[in-house]
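The file protein.txt contains compact mmCIF, N, CA and C atoms and all ligand atoms:
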```
# COMPACT_ATOMS: atom_id res chain seq x y z
N MET A 22 1.19 51.20 -9.49
CA MET A 22 1.22 50.48 -8.23
C MET A 22 1.74 49.06 -8.47
N ARG A 23 2.58 48.60 -7.58
CA ARG A 23 3.12 47.25 -7.72
C ARG A 23 2.07 46.23 -7.31
N PRO A 24 1.83 45.25 -8.20
CA PRO A 24 0.87 44.19 -7.85
C PRO A 24 1.35 43.43 -6.62
N ALA A 25 0.42 42.90 -5.87
CA ALA A 25 0.76 42.11 -4.69
C ALA A 25 1.48 40.83 -5.10
N ARG A 26 2.30 40.32 -4.20
CA ARG A 26 2.98 39.05 -4.46
C ARG A 26 1.94 37.99 -4.81
N GLY A 27 2.20 37.28 -5.89
CA GLY A 27 1.28 36.24 -6.34
C GLY A 27 0.22 36.73 -7.32
N GLU A 28 0.23 38.04 -7.61
CA GLU A 28 -0.79 38.58 -8.52
C GLU A 28 -0.19 39.27 -9.73
N SER A 29 1.11 39.29 -9.84
CA SER A 29 1.75 40.03 -10.93
C SER A 29 1.88 39.18 -12.19
N THR A 30 2.35 39.81 -13.24
CA THR A 30 2.66 39.13 -14.50
C THR A 30 4.10 39.43 -14.85
N PHE A 31 4.75 38.43 -15.40
CA PHE A 31 6.15 38.56 -15.82
C PHE A 31 6.20 38.32 -17.32
N VAL A 32 6.74 39.30 -18.04
CA VAL A 32 6.80 39.23 -19.50
C VAL A 32 8.26 39.12 -19.94
N VAL A 33 8.52 38.25 -20.90
CA VAL A 33 9.85 38.13 -21.50
C VAL A 33 9.70 38.28 -23.00
N HIS A 34 10.41 39.25 -23.55
CA HIS A 34 10.44 39.40 -25.02
C HIS A 34 11.76 39.99 -25.46
N CYS A 35 11.94 40.08 -26.75
CA CYS A 35 13.17 40.60 -27.34
C CYS A 35 13.29 42.10 -27.06
N SER A 36 14.50 42.61 -27.16
CA SER A 36 14.73 44.04 -26.95
C SER A 36 14.64 44.82 -28.26
N SER A 37 14.14 44.22 -29.29
CA SER A 37 14.03 44.85 -30.61
C SER A 37 13.39 46.24 -30.56
N SER A 38 14.10 47.24 -31.07
CA SER A 38 13.53 48.59 -31.10
C SER A 38 12.39 48.67 -32.11
N LEU A 39 12.47 47.89 -33.17
CA LEU A 39 11.40 47.89 -34.16
C LEU A 39 10.08 47.40 -33.55
N TYR A 40 10.18 46.34 -32.77
CA TYR A 40 8.96 45.73 -32.21
C TYR A 40 8.53 46.34 -30.88
N MET A 41 9.38 47.13 -30.24
CA MET A 41 9.08 47.60 -28.89
C MET A 41 7.70 48.26 -28.77
N PRO A 42 7.34 49.21 -29.65
CA PRO A 42 6.00 49.80 -29.47
C PRO A 42 4.89 48.79 -29.67
N TYR A 43 5.12 47.79 -30.49
CA TYR A 43 4.08 46.77 -30.71
C TYR A 43 3.99 45.82 -29.53
N PHE A 44 5.15 45.49 -28.94
CA PHE A 44 5.12 44.69 -27.71
C PHE A 44 4.31 45.43 -26.64
N GLN A 45 4.62 46.71 -26.48
CA GLN A 45 3.93 47.50 -25.44
C GLN A 45 2.43 47.60 -25.72
N ASP A 46 2.07 47.85 -26.97
CA ASP A 46 0.64 47.93 -27.31
C ASP A 46 -0.06 46.61 -27.03
N PHE A 47 0.61 45.51 -27.40
CA PHE A 47 0.03 44.19 -27.19
C PHE A 47 -0.16 43.90 -25.71
N VAL A 48 0.91 44.12 -24.94
CA VAL A 48 0.86 43.79 -23.52
C VAL A 48 -0.14 44.69 -22.78
N ARG A 49 -0.11 45.97 -23.09
CA ARG A 49 -1.00 46.90 -22.37
C ARG A 49 -2.42 46.87 -22.93
N GLY A 50 -2.54 46.73 -24.25
CA GLY A 50 -3.85 46.76 -24.88
C GLY A 50 -4.53 45.41 -24.88
N GLU A 51 -4.02 44.49 -25.69
CA GLU A 51 -4.69 43.20 -25.85
C GLU A 51 -4.68 42.36 -24.58
N LEU A 52 -3.55 42.39 -23.84
CA LEU A 52 -3.48 41.58 -22.62
C LEU A 52 -3.95 42.36 -21.39
N SER A 53 -4.20 43.66 -21.57
CA SER A 53 -4.71 44.51 -20.48
C SER A 53 -3.80 44.51 -19.24
N LEU A 54 -2.50 44.52 -19.47
CA LEU A 54 -1.55 44.56 -18.36
C LEU A 54 -0.98 45.96 -18.25
N ARG A 55 -1.02 46.53 -17.05
CA ARG A 55 -0.46 47.86 -16.87
C ARG A 55 0.87 47.78 -16.12
N ASN A 56 0.88 47.11 -15.01
CA ASN A 56 2.10 46.91 -14.25
C ASN A 56 2.54 45.46 -14.41
N TYR A 57 3.72 45.29 -14.94
CA TYR A 57 4.24 43.94 -15.12
C TYR A 57 5.76 43.99 -15.06
N SER A 58 6.35 42.88 -14.69
CA SER A 58 7.81 42.76 -14.73
C SER A 58 8.21 42.40 -16.14
N LEU A 59 9.36 42.90 -16.57
CA LEU A 59 9.80 42.67 -17.94
C LEU A 59 11.27 42.29 -17.98
N LEU A 60 11.57 41.24 -18.74
CA LEU A 60 12.95 40.92 -19.10
C LEU A 60 13.00 41.04 -20.61
N ALA A 61 13.71 42.05 -21.09
CA ALA A 61 13.84 42.28 -22.53
C ALA A 61 15.32 42.20 -22.91
N ILE A 62 15.67 41.15 -23.62
CA ILE A 62 17.05 40.96 -24.06
C ILE A 62 17.02 40.52 -25.52
N PRO A 63 18.12 40.72 -26.26
CA PRO A 63 18.12 40.30 -27.65
C PRO A 63 17.72 38.83 -27.79
N GLY A 64 16.78 38.57 -28.67
CA GLY A 64 16.32 37.21 -28.90
C GLY A 64 15.28 36.73 -27.89
N GLY A 65 14.95 37.57 -26.90
CA GLY A 65 13.95 37.17 -25.90
C GLY A 65 14.34 35.89 -25.19
N ILE A 66 13.50 34.89 -25.31
CA ILE A 66 13.70 33.65 -24.56
C ILE A 66 14.81 32.75 -25.12
N GLN A 67 15.38 33.09 -26.26
CA GLN A 67 16.32 32.16 -26.88
C GLN A 67 17.51 31.84 -26.00
N SER A 68 18.01 32.84 -25.27
CA SER A 68 19.16 32.58 -24.39
C SER A 68 18.87 31.48 -23.38
N LEU A 69 17.60 31.35 -23.01
CA LEU A 69 17.22 30.33 -22.03
C LEU A 69 17.38 28.92 -22.58
N THR A 70 17.47 28.79 -23.89
CA THR A 70 17.58 27.47 -24.52
C THR A 70 19.04 27.08 -24.75
N LEU A 71 19.97 27.96 -24.39
CA LEU A 71 21.36 27.75 -24.80
C LEU A 71 22.24 27.13 -23.72
N GLU A 72 21.67 26.29 -22.88
CA GLU A 72 22.45 25.69 -21.80
C GLU A 72 23.66 24.90 -22.32
N GLU A 73 23.50 24.26 -23.46
CA GLU A 73 24.60 23.47 -24.04
C GLU A 73 25.60 24.33 -24.78
N TYR A 74 25.11 25.33 -25.53
CA TYR A 74 25.98 26.07 -26.44
C TYR A 74 26.61 27.32 -25.81
N LEU A 75 25.81 28.03 -25.05
CA LEU A 75 26.30 29.24 -24.38
C LEU A 75 25.78 29.23 -22.94
N PRO A 76 26.36 28.36 -22.11
CA PRO A 76 25.83 28.17 -20.76
C PRO A 76 25.82 29.44 -19.91
N LYS A 77 26.75 30.35 -20.13
CA LYS A 77 26.76 31.58 -19.32
C LYS A 77 25.58 32.47 -19.67
N PHE A 78 25.23 32.54 -20.96
CA PHE A 78 24.05 33.31 -21.36
C PHE A 78 22.82 32.73 -20.68
N SER A 79 22.70 31.43 -20.77
CA SER A 79 21.54 30.75 -20.22
C SER A 79 21.48 30.94 -18.70
N TRP A 80 22.61 30.74 -18.04
CA TRP A 80 22.64 30.86 -16.59
C TRP A 80 22.21 32.26 -16.17
N ALA A 81 22.75 33.29 -16.82
CA ALA A 81 22.44 34.67 -16.43
C ALA A 81 20.95 34.96 -16.63
N ALA A 82 20.40 34.52 -17.75
CA ALA A 82 18.98 34.79 -18.01
C ALA A 82 18.10 34.08 -16.99
N TRP A 83 18.38 32.82 -16.72
CA TRP A 83 17.59 32.08 -15.72
C TRP A 83 17.77 32.69 -14.34
N ARG A 84 18.93 33.21 -14.05
CA ARG A 84 19.18 33.81 -12.73
C ARG A 84 18.33 35.07 -12.54
N HIS A 85 18.23 35.88 -13.59
CA HIS A 85 17.37 37.07 -13.52
C HIS A 85 15.91 36.65 -13.32
N ILE A 86 15.52 35.62 -14.01
CA ILE A 86 14.14 35.14 -13.88
C ILE A 86 13.89 34.61 -12.47
N LYS A 87 14.82 33.85 -11.96
CA LYS A 87 14.66 33.31 -10.60
C LYS A 87 14.50 34.42 -9.58
N PHE A 88 15.27 35.49 -9.75
CA PHE A 88 15.16 36.62 -8.83
C PHE A 88 13.71 37.14 -8.78
N LEU A 89 13.12 37.38 -9.94
CA LEU A 89 11.76 37.92 -9.97
C LEU A 89 10.71 36.88 -9.59
N MET A 90 10.95 35.63 -9.94
CA MET A 90 10.00 34.58 -9.56
C MET A 90 9.97 34.44 -8.04
N ASP A 91 11.14 34.45 -7.41
CA ASP A 91 11.20 34.33 -5.96
C ASP A 91 10.58 35.55 -5.29
N LEU A 92 10.83 36.72 -5.86
CA LEU A 92 10.36 37.97 -5.26
C LEU A 92 8.85 38.15 -5.41
N ASP A 93 8.36 37.95 -6.63
CA ASP A 93 6.96 38.30 -6.95
C ASP A 93 6.00 37.11 -7.00
N ALA A 94 6.50 35.90 -7.20
CA ALA A 94 5.63 34.74 -7.41
C ALA A 94 4.50 35.09 -8.39
N PRO A 95 4.85 35.52 -9.60
CA PRO A 95 3.82 36.01 -10.53
C PRO A 95 2.76 34.96 -10.85
N ALA A 96 1.54 35.46 -11.01
CA ALA A 96 0.43 34.57 -11.33
C ALA A 96 0.46 34.15 -12.79
N ARG A 97 1.11 34.96 -13.61
CA ARG A 97 1.08 34.70 -15.05
C ARG A 97 2.43 35.04 -15.67
N ILE A 98 2.82 34.21 -16.63
CA ILE A 98 4.05 34.42 -17.39
C ILE A 98 3.66 34.60 -18.85
N VAL A 99 4.24 35.59 -19.52
CA VAL A 99 3.96 35.81 -20.94
C VAL A 99 5.30 35.82 -21.68
N LEU A 100 5.44 34.90 -22.62
CA LEU A 100 6.66 34.79 -23.43
C LEU A 100 6.31 35.21 -24.85
N ILE A 101 7.10 36.13 -25.43
CA ILE A 101 6.77 36.62 -26.77
C ILE A 101 7.99 36.55 -27.68
N GLY A 102 7.82 35.88 -28.79
CA GLY A 102 8.82 35.87 -29.85
C GLY A 102 8.33 36.78 -30.96
N HIS A 103 9.20 37.06 -31.92
CA HIS A 103 8.74 37.90 -33.03
C HIS A 103 9.46 37.55 -34.32
N ASP A 104 8.80 37.85 -35.40
CA ASP A 104 9.30 37.58 -36.74
C ASP A 104 10.53 38.45 -37.05
N ASP A 105 11.39 37.93 -37.89
CA ASP A 105 12.55 38.67 -38.38
C ASP A 105 13.42 39.19 -37.24
N CYS A 106 13.68 38.34 -36.26
CA CYS A 106 14.49 38.72 -35.10
C CYS A 106 15.97 38.71 -35.47
N ARG A 107 16.63 39.84 -35.27
CA ARG A 107 18.04 39.95 -35.66
C ARG A 107 18.92 39.00 -34.85
N TRP A 108 18.52 38.70 -33.61
CA TRP A 108 19.31 37.76 -32.80
C TRP A 108 19.32 36.38 -33.47
N TYR A 109 18.18 35.97 -33.98
CA TYR A 109 18.10 34.65 -34.64
C TYR A 109 18.89 34.63 -35.94
N HIS A 110 19.04 35.79 -36.57
CA HIS A 110 19.75 35.84 -37.85
C HIS A 110 21.23 36.19 -37.71
N HIS A 111 21.56 37.02 -36.69
CA HIS A 111 22.93 37.50 -36.58
C HIS A 111 23.55 37.31 -35.20
N GLY A 112 22.85 36.67 -34.29
CA GLY A 112 23.36 36.47 -32.93
C GLY A 112 24.46 35.42 -32.93
N PRO A 113 24.95 35.08 -31.74
CA PRO A 113 26.08 34.15 -31.64
C PRO A 113 25.75 32.72 -32.07
N ILE A 114 24.49 32.37 -32.11
CA ILE A 114 24.13 31.02 -32.53
C ILE A 114 23.38 31.12 -33.85
N THR A 115 24.11 31.10 -34.93
CA THR A 115 23.47 31.17 -36.24
C THR A 115 23.58 29.84 -36.98
N ARG A 116 24.17 28.85 -36.33
CA ARG A 116 24.31 27.56 -37.02
C ARG A 116 23.01 26.77 -37.04
N PHE A 117 22.05 27.17 -36.19
CA PHE A 117 20.76 26.50 -36.24
C PHE A 117 20.06 26.92 -37.52
N THR A 118 19.53 25.98 -38.23
CA THR A 118 18.90 26.30 -39.51
C THR A 118 17.42 25.93 -39.46
N GLY A 119 16.73 26.32 -40.51
CA GLY A 119 15.31 26.04 -40.60
C GLY A 119 14.53 27.33 -40.55
N PRO A 120 13.25 27.24 -40.84
CA PRO A 120 12.40 28.43 -40.83
C PRO A 120 12.41 29.09 -39.46
N GLU A 121 12.58 30.41 -39.46
CA GLU A 121 12.70 31.14 -38.20
C GLU A 121 11.48 30.94 -37.30
N ARG A 122 10.30 31.05 -37.87
CA ARG A 122 9.11 30.93 -37.03
C ARG A 122 9.07 29.57 -36.34
N GLN A 123 9.39 28.54 -37.09
CA GLN A 123 9.40 27.19 -36.52
C GLN A 123 10.43 27.09 -35.40
N ARG A 124 11.62 27.66 -35.62
CA ARG A 124 12.67 27.64 -34.59
C ARG A 124 12.21 28.38 -33.35
N GLN A 125 11.61 29.55 -33.55
CA GLN A 125 11.18 30.34 -32.39
C GLN A 125 10.03 29.65 -31.64
N GLU A 126 9.11 29.09 -32.38
CA GLU A 126 7.99 28.41 -31.70
C GLU A 126 8.50 27.20 -30.92
N THR A 127 9.46 26.49 -31.49
CA THR A 127 10.08 25.37 -30.77
C THR A 127 10.76 25.87 -29.50
N ASP A 128 11.47 26.98 -29.61
CA ASP A 128 12.14 27.56 -28.44
C ASP A 128 11.12 28.01 -27.39
N LEU A 129 10.03 28.63 -27.84
CA LEU A 129 9.00 29.08 -26.89
C LEU A 129 8.41 27.90 -26.13
N ARG A 130 8.15 26.82 -26.83
CA ARG A 130 7.60 25.62 -26.17
C ARG A 130 8.63 25.02 -25.21
N LYS A 131 9.87 24.96 -25.66
CA LYS A 131 10.94 24.39 -24.84
C LYS A 131 11.12 25.20 -23.55
N VAL A 132 11.10 26.51 -23.67
CA VAL A 132 11.27 27.37 -22.50
C VAL A 132 10.07 27.27 -21.57
N ALA A 133 8.87 27.18 -22.12
CA ALA A 133 7.68 27.04 -21.26
C ALA A 133 7.79 25.76 -20.43
N THR A 134 8.24 24.69 -21.05
CA THR A 134 8.41 23.43 -20.33
C THR A 134 9.49 23.55 -19.26
N ALA A 135 10.63 24.14 -19.63
CA ALA A 135 11.72 24.32 -18.66
C ALA A 135 11.30 25.23 -17.52
N TRP A 136 10.52 26.25 -17.85
CA TRP A 136 10.04 27.21 -16.82
C TRP A 136 9.16 26.47 -15.81
N ARG A 137 8.24 25.65 -16.32
CA ARG A 137 7.34 24.89 -15.42
C ARG A 137 8.14 23.89 -14.58
N ASP A 138 9.20 23.33 -15.15
CA ASP A 138 10.04 22.42 -14.38
C ASP A 138 10.73 23.15 -13.23
N ARG A 139 11.21 24.35 -13.52
CA ARG A 139 11.93 25.14 -12.51
C ARG A 139 10.98 25.78 -11.50
N PHE A 140 9.81 26.20 -11.99
CA PHE A 140 8.85 26.92 -11.15
C PHE A 140 7.48 26.26 -11.34
N PRO A 141 7.26 25.13 -10.67
CA PRO A 141 6.01 24.39 -10.85
C PRO A 141 4.78 25.25 -10.60
N GLY A 142 3.77 25.02 -11.41
CA GLY A 142 2.52 25.74 -11.27
C GLY A 142 2.45 27.04 -12.06
N SER A 143 3.52 27.37 -12.77
CA SER A 143 3.52 28.61 -13.55
C SER A 143 2.49 28.54 -14.67
N ALA A 144 1.70 29.60 -14.80
CA ALA A 144 0.73 29.72 -15.90
C ALA A 144 1.39 30.53 -17.01
N ILE A 145 1.68 29.88 -18.12
CA ILE A 145 2.47 30.50 -19.18
C ILE A 145 1.68 30.60 -20.47
N ASP A 146 1.70 31.79 -21.06
CA ASP A 146 1.12 32.00 -22.38
C ASP A 146 2.25 32.47 -23.30
N SER A 147 2.32 31.88 -24.48
CA SER A 147 3.36 32.24 -25.44
C SER A 147 2.72 32.78 -26.71
N TYR A 148 3.42 33.76 -27.32
CA TYR A 148 2.91 34.40 -28.53
C TYR A 148 4.04 34.62 -29.51
N TYR A 149 3.66 34.72 -30.77
CA TYR A 149 4.62 35.04 -31.83
C TYR A 149 4.08 36.23 -32.60
N GLY A 150 4.88 37.30 -32.67
CA GLY A 150 4.45 38.53 -33.32
C GLY A 150 4.96 38.64 -34.74
N ILE A 151 4.07 39.13 -35.59
CA ILE A 151 4.42 39.36 -37.00
C ILE A 151 4.00 40.78 -37.36
N LEU A 152 4.93 41.50 -37.96
CA LEU A 152 4.66 42.87 -38.35
C LEU A 152 4.46 42.93 -39.85
N ALA A 153 3.34 43.51 -40.27
CA ALA A 153 3.06 43.69 -41.69
C ALA A 153 2.27 44.98 -41.88
N ASN A 154 2.71 45.79 -42.79
CA ASN A 154 2.03 47.06 -43.07
C ASN A 154 1.82 47.90 -41.81
N ARG A 155 2.88 47.97 -41.00
CA ARG A 155 2.88 48.76 -39.76
C ARG A 155 1.83 48.33 -38.74
N LYS A 156 1.42 47.09 -38.86
CA LYS A 156 0.48 46.54 -37.88
C LYS A 156 1.04 45.20 -37.42
N ALA A 157 1.05 44.98 -36.12
CA ALA A 157 1.57 43.72 -35.58
C ALA A 157 0.42 42.83 -35.14
N THR A 158 0.60 41.57 -35.41
CA THR A 158 -0.35 40.56 -34.96
C THR A 158 0.40 39.59 -34.06
N PHE A 159 -0.16 39.29 -32.90
CA PHE A 159 0.47 38.35 -31.98
C PHE A 159 -0.41 37.11 -31.89
N GLU A 160 0.15 36.02 -32.38
CA GLU A 160 -0.62 34.77 -32.42
C GLU A 160 -0.16 33.85 -31.29
N PRO A 161 -1.11 33.19 -30.62
CA PRO A 161 -0.74 32.26 -29.55
C PRO A 161 0.12 31.11 -30.07
N VAL A 162 1.06 30.67 -29.26
CA VAL A 162 1.89 29.50 -29.58
C VAL A 162 1.55 28.45 -28.54
N ARG A 163 1.04 27.33 -29.00
CA ARG A 163 0.65 26.27 -28.05
C ARG A 163 1.53 25.06 -28.20
ZN ZN B 201 14.34 40.10 -31.76
```
Step by step, read the file and then write its structure as structure tokens.
Amino acid sequence: MRPARGESTFVVHCSSSLYMPYFQDFVRGELSLRNYSLLAIPGGIQSLTLEEYLPKFSWAAWRHIKFLMDLDAPARIVLIGHDDCRWYHHGPITRFTGPERQRQETDLRKVATAWRDRFPGSAIDSYYGILANRKATFEPVR
């Protein structure tokens, strides 16, 4: 059943096939979300940070988000990054250097701020997933 306007959750994460079952387990299990809107693209939220470098990527991603924000007015936003993301290693923007986790956490914070600027009052939770021994752990990013 579709949640009522103002009561839904909107999730953004990478389209990684490796992490997909772990994303789903986390969102459905740990976060107890059954019906939620999802934007899953390579690198997850990273495209949203590329206004300077790849403005068309950024524009398209924000446009998709605006569509769902206007339609659903979700009560909660969940942004999820993950370890060893191929987009961060092999995507169009590989000139950024530094530890991947640090880069992703910086991007998650940057996007949360930009999201609140665009959609005031948004309640946003960010997480970073790490897979080890076939078990994923999702740690909050503050
Ligand atoms: Zn990824």
DSSP says alpha helix (DSSP H) for which residues of stretch 28-95 of chain A? Put them as an mmCIF file with N, CA and C atoms, in the coordinates of the input?
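New file selection-v4.cif:
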```cif
data_model
loop_
_atom_site.group_PDB
_atom_site.id
_atom_site.type_symbol
_atom_site.label_atom_id
_atom_site.label_comp_id
_atom_site.auth_asym_id
_atom_site.auth_seq_id
_atom_site.Cartn_x
_atom_site.Cartn_y
_atom_site.Cartn_z
ATOM 1 N N MET A 41 9.380 47.130 -30.240
ATOM 2 C CA MET A 41 9.080 47.600 -28.890
ATOM 3 C C MET A 41 7.700 48.260 -28.770
ATOM 4 N N PRO A 42 7.340 49.210 -29.650
ATOM 5 C CA PRO A 42 6.000 49.800 -29.470
ATOM 6 C C PRO A 42 4.890 48.790 -29.670
ATOM 7 N N TYR A 43 5.120 47.790 -30.490
ATOM 8 C CA TYR A 43 4.080 46.770 -30.710
ATOM 9 C C TYR A 43 3.990 45.820 -29.530
ATOM 10 N N PHE A 44 5.150 45.490 -28.940
ATOM 11 C CA PHE A 44 5.120 44.690 -27.710
ATOM 12 C C PHE A 44 4.310 45.430 -26.640
ATOM 13 N N GLN A 45 4.620 46.710 -26.480
ATOM 14 C CA GLN A 45 3.930 47.500 -25.440
ATOM 15 C C GLN A 45 2.430 47.600 -25.720
ATOM 16 N N ASP A 46 2.070 47.850 -26.970
ATOM 17 C CA ASP A 46 0.640 47.930 -27.310
ATOM 18 C C ASP A 46 -0.060 46.610 -27.030
ATOM 19 N N PRO A 76 26.360 28.360 -22.110
ATOM 20 C CA PRO A 76 25.830 28.170 -20.760
ATOM 21 C C PRO A 76 25.820 29.440 -19.910
ATOM 22 N N LYS A 77 26.750 30.350 -20.130
ATOM 23 C CA LYS A 77 26.760 31.580 -19.320
ATOM 24 C C LYS A 77 25.580 32.470 -19.670
ATOM 25 N N PHE A 78 25.230 32.540 -20.960
ATOM 26 C CA PHE A 78 24.050 33.310 -21.360
ATOM 27 C C PHE A 78 22.820 32.730 -20.680
ATOM 28 N N SER A 79 22.700 31.430 -20.770
ATOM 29 C CA SER A 79 21.540 30.750 -20.220
ATOM 30 C C SER A 79 21.480 30.940 -18.700
ATOM 31 N N TRP A 80 22.610 30.740 -18.040
ATOM 32 C CA TRP A 80 22.640 30.860 -16.590
ATOM 33 C C TRP A 80 22.210 32.260 -16.170
ATOM 34 N N ALA A 81 22.750 33.290 -16.820
ATOM 35 C CA ALA A 81 22.440 34.670 -16.430
ATOM 36 C C ALA A 81 20.950 34.960 -16.630
ATOM 37 N N ALA A 82 20.400 34.520 -17.750
ATOM 38 C CA ALA A 82 18.980 34.790 -18.010
ATOM 39 C C ALA A 82 18.100 34.080 -16.990
ATOM 40 N N TRP A 83 18.380 32.820 -16.720
ATOM 41 C CA TRP A 83 17.590 32.080 -15.720
ATOM 42 C C TRP A 83 17.770 32.690 -14.340
ATOM 43 N N ARG A 84 18.930 33.210 -14.050
ATOM 44 C CA ARG A 84 19.180 33.810 -12.730
ATOM 45 C C ARG A 84 18.330 35.070 -12.540
ATOM 46 N N HIS A 85 18.230 35.880 -13.590
ATOM 47 C CA HIS A 85 17.370 37.070 -13.520
ATOM 48 C C HIS A 85 15.910 36.650 -13.320
ATOM 49 N N ILE A 86 15.520 35.620 -14.010
ATOM 50 C CA ILE A 86 14.140 35.140 -13.880
ATOM 51 C C ILE A 86 13.890 34.610 -12.470
ATOM 52 N N LYS A 87 14.820 33.850 -11.960
ATOM 53 C CA LYS A 87 14.660 33.310 -10.600
ATOM 54 C C LYS A 87 14.500 34.420 -9.580
ATOM 55 N N PHE A 88 15.270 35.490 -9.750
ATOM 56 C CA PHE A 88 15.160 36.620 -8.830
ATOM 57 C C PHE A 88 13.710 37.140 -8.780
ATOM 58 N N LEU A 89 13.120 37.380 -9.940
ATOM 59 C CA LEU A 89 11.760 37.920 -9.970
ATOM 60 C C LEU A 89 10.710 36.880 -9.590
ATOM 61 N N MET A 90 10.950 35.630 -9.940
ATOM 62 C CA MET A 90 10.000 34.580 -9.560
ATOM 63 C C MET A 90 9.970 34.440 -8.040
ATOM 64 N N ASP A 91 11.140 34.450 -7.410
ATOM 65 C CA ASP A 91 11.200 34.330 -5.960
ATOM 66 C C ASP A 91 10.580 35.550 -5.290
ATOM 67 N N LEU A 92 10.830 36.720 -5.860
ATOM 68 C CA LEU A 92 10.360 37.970 -5.260
ATOM 69 C C LEU A 92 8.850 38.150 -5.410
ATOM 70 N N ASP A 93 8.360 37.950 -6.630
ATOM 71 C CA ASP A 93 6.960 38.300 -6.950
ATOM 72 C C ASP A 93 6.000 37.110 -7.000
#
```
Which residues of chain A come within 6.5 Å of ligand ZN 201 (chain B), and for each one, what is the closest pair of atoms and their distance in Å to one decimal, counting only N, CA and C atoms and all ligand atoms, sorted by chain and residue number, as JSON lines?
```
{"residue": "A:Cys35", "atom": "CA", "partner": "B:ZN201", "partner_atom": "ZN", "distance": 4.6}
{"residue": "A:Ser36", "atom": "N", "partner": "B:ZN201", "partner_atom": "ZN", "distance": 5.2}
{"residue": "A:Ser37", "atom": "N", "partner": "B:ZN201", "partner_atom": "ZN", "distance": 4.8}
{"residue": "A:Pro63", "atom": "C", "partner": "B:ZN201", "partner_atom": "ZN", "distance": 5.4}
{"residue": "A:Gly64", "atom": "N", "partner": "B:ZN201", "partner_atom": "ZN", "distance": 4.2}
{"residue": "A:Gly65", "atom": "N", "partner": "B:ZN201", "partner_atom": "ZN", "distance": 5.5}
{"residue": "A:His103", "atom": "N", "partner": "B:ZN201", "partner_atom": "ZN", "distance": 6.0}
{"residue": "A:Asp105", "atom": "C", "partner": "B:ZN201", "partner_atom": "ZN", "distance": 5.6}
{"residue": "A:Cys106", "atom": "CA", "partner": "B:ZN201", "partner_atom": "ZN", "distance": 3.6}
{"residue": "A:Arg107", "atom": "N", "partner": "B:ZN201", "partner_atom": "ZN", "distance": 4.2}
{"residue": "A:Trp108", "atom": "N", "partner": "B:ZN201", "partner_atom": "ZN", "distance": 4.8}
{"residue": "A:Tyr109", "atom": "N", "partner": "B:ZN201", "partner_atom": "ZN", "distance": 6.1}
```
Any idea what's packed within 6.5 Å of A:Arg26, counting only N, CA and C atoms, ignoring anything in its chain fewer than 2 positions away? Could you give it as a PyMOL selection string?
chain A and resi 24+28-29+92-95
Could you state the separation of atom CA of A:Asn56 and atom C of A:Arg23 in Å, given to one decimal place?
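Between atom CA of A:Asn56 and atom C of A:Arg23 the gap is 7.0 Å.
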Which of chain A end up as strand (DSSP E) when DSSP is run on this backbone - answer as JSON, numbers by chain?
{"A": [30, 31, 32, 33, 34, 58, 59, 60, 61, 97, 98, 99, 100, 101, 102, 103, 145, 146, 147, 148, 149, 150, 151, 152, 153, 156, 157, 158, 159, 160, 161, 162]}
Name the residues in contact with A:Ser147 at a cut-off of 7 Å, using all atoms listed in the file, excluding same-chain residues fewer than 2 positions from it; report them as a ChimeraX atom specification.
/A:98-102,129,145,149,160-163
Go ahead and dump the residues you just picked, N, CA and C atoms, as a compact mmCIF listing (two decimals), in the frame of the given file.
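Saved to result-v6.txt:
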```txt
# COMPACT_ATOMS: atom_id res chain seq x y z
N ILE A 98 2.82 34.21 -16.63
CA ILE A 98 4.05 34.42 -17.39
C ILE A 98 3.66 34.60 -18.85
N VAL A 99 4.24 35.59 -19.52
CA VAL A 99 3.96 35.81 -20.94
C VAL A 99 5.30 35.82 -21.68
N LEU A 100 5.44 34.90 -22.62
CA LEU A 100 6.66 34.79 -23.43
C LEU A 100 6.31 35.21 -24.85
N ILE A 101 7.10 36.13 -25.43
CA ILE A 101 6.77 36.62 -26.77
C ILE A 101 7.99 36.55 -27.68
N GLY A 102 7.82 35.88 -28.79
CA GLY A 102 8.82 35.87 -29.85
C GLY A 102 8.33 36.78 -30.96
N LEU A 129 10.03 28.63 -27.84
CA LEU A 129 9.00 29.08 -26.89
C LEU A 129 8.41 27.90 -26.13
N ILE A 145 1.68 29.88 -18.12
CA ILE A 145 2.47 30.50 -19.18
C ILE A 145 1.68 30.60 -20.47
N TYR A 149 3.66 34.72 -30.77
CA TYR A 149 4.62 35.04 -31.83
C TYR A 149 4.08 36.23 -32.60
N GLU A 160 0.15 36.02 -32.38
CA GLU A 160 -0.62 34.77 -32.42
C GLU A 160 -0.16 33.85 -31.29
N PRO A 161 -1.11 33.19 -30.62
CA PRO A 161 -0.74 32.26 -29.55
C PRO A 161 0.12 31.11 -30.07
N VAL A 162 1.06 30.67 -29.26
CA VAL A 162 1.89 29.50 -29.58
C VAL A 162 1.55 28.45 -28.54
N ARG A 163 1.04 27.33 -29.00
CA ARG A 163 0.65 26.27 -28.05
C ARG A 163 1.53 25.06 -28.20
```
Point-to-point distance in Å for atom C of A:Ala61 and atom C of A:Pro113:
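Answer for the atom C of A:Pro113 to atom C of A:Ala61 separation: 16.8 Å.
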Using all atoms listed in the file, can you tell me which of A:Ser79, A:Tyr148, A:Thr30, A:Tyr43 comes closest to A:Ser58?
A:Thr30
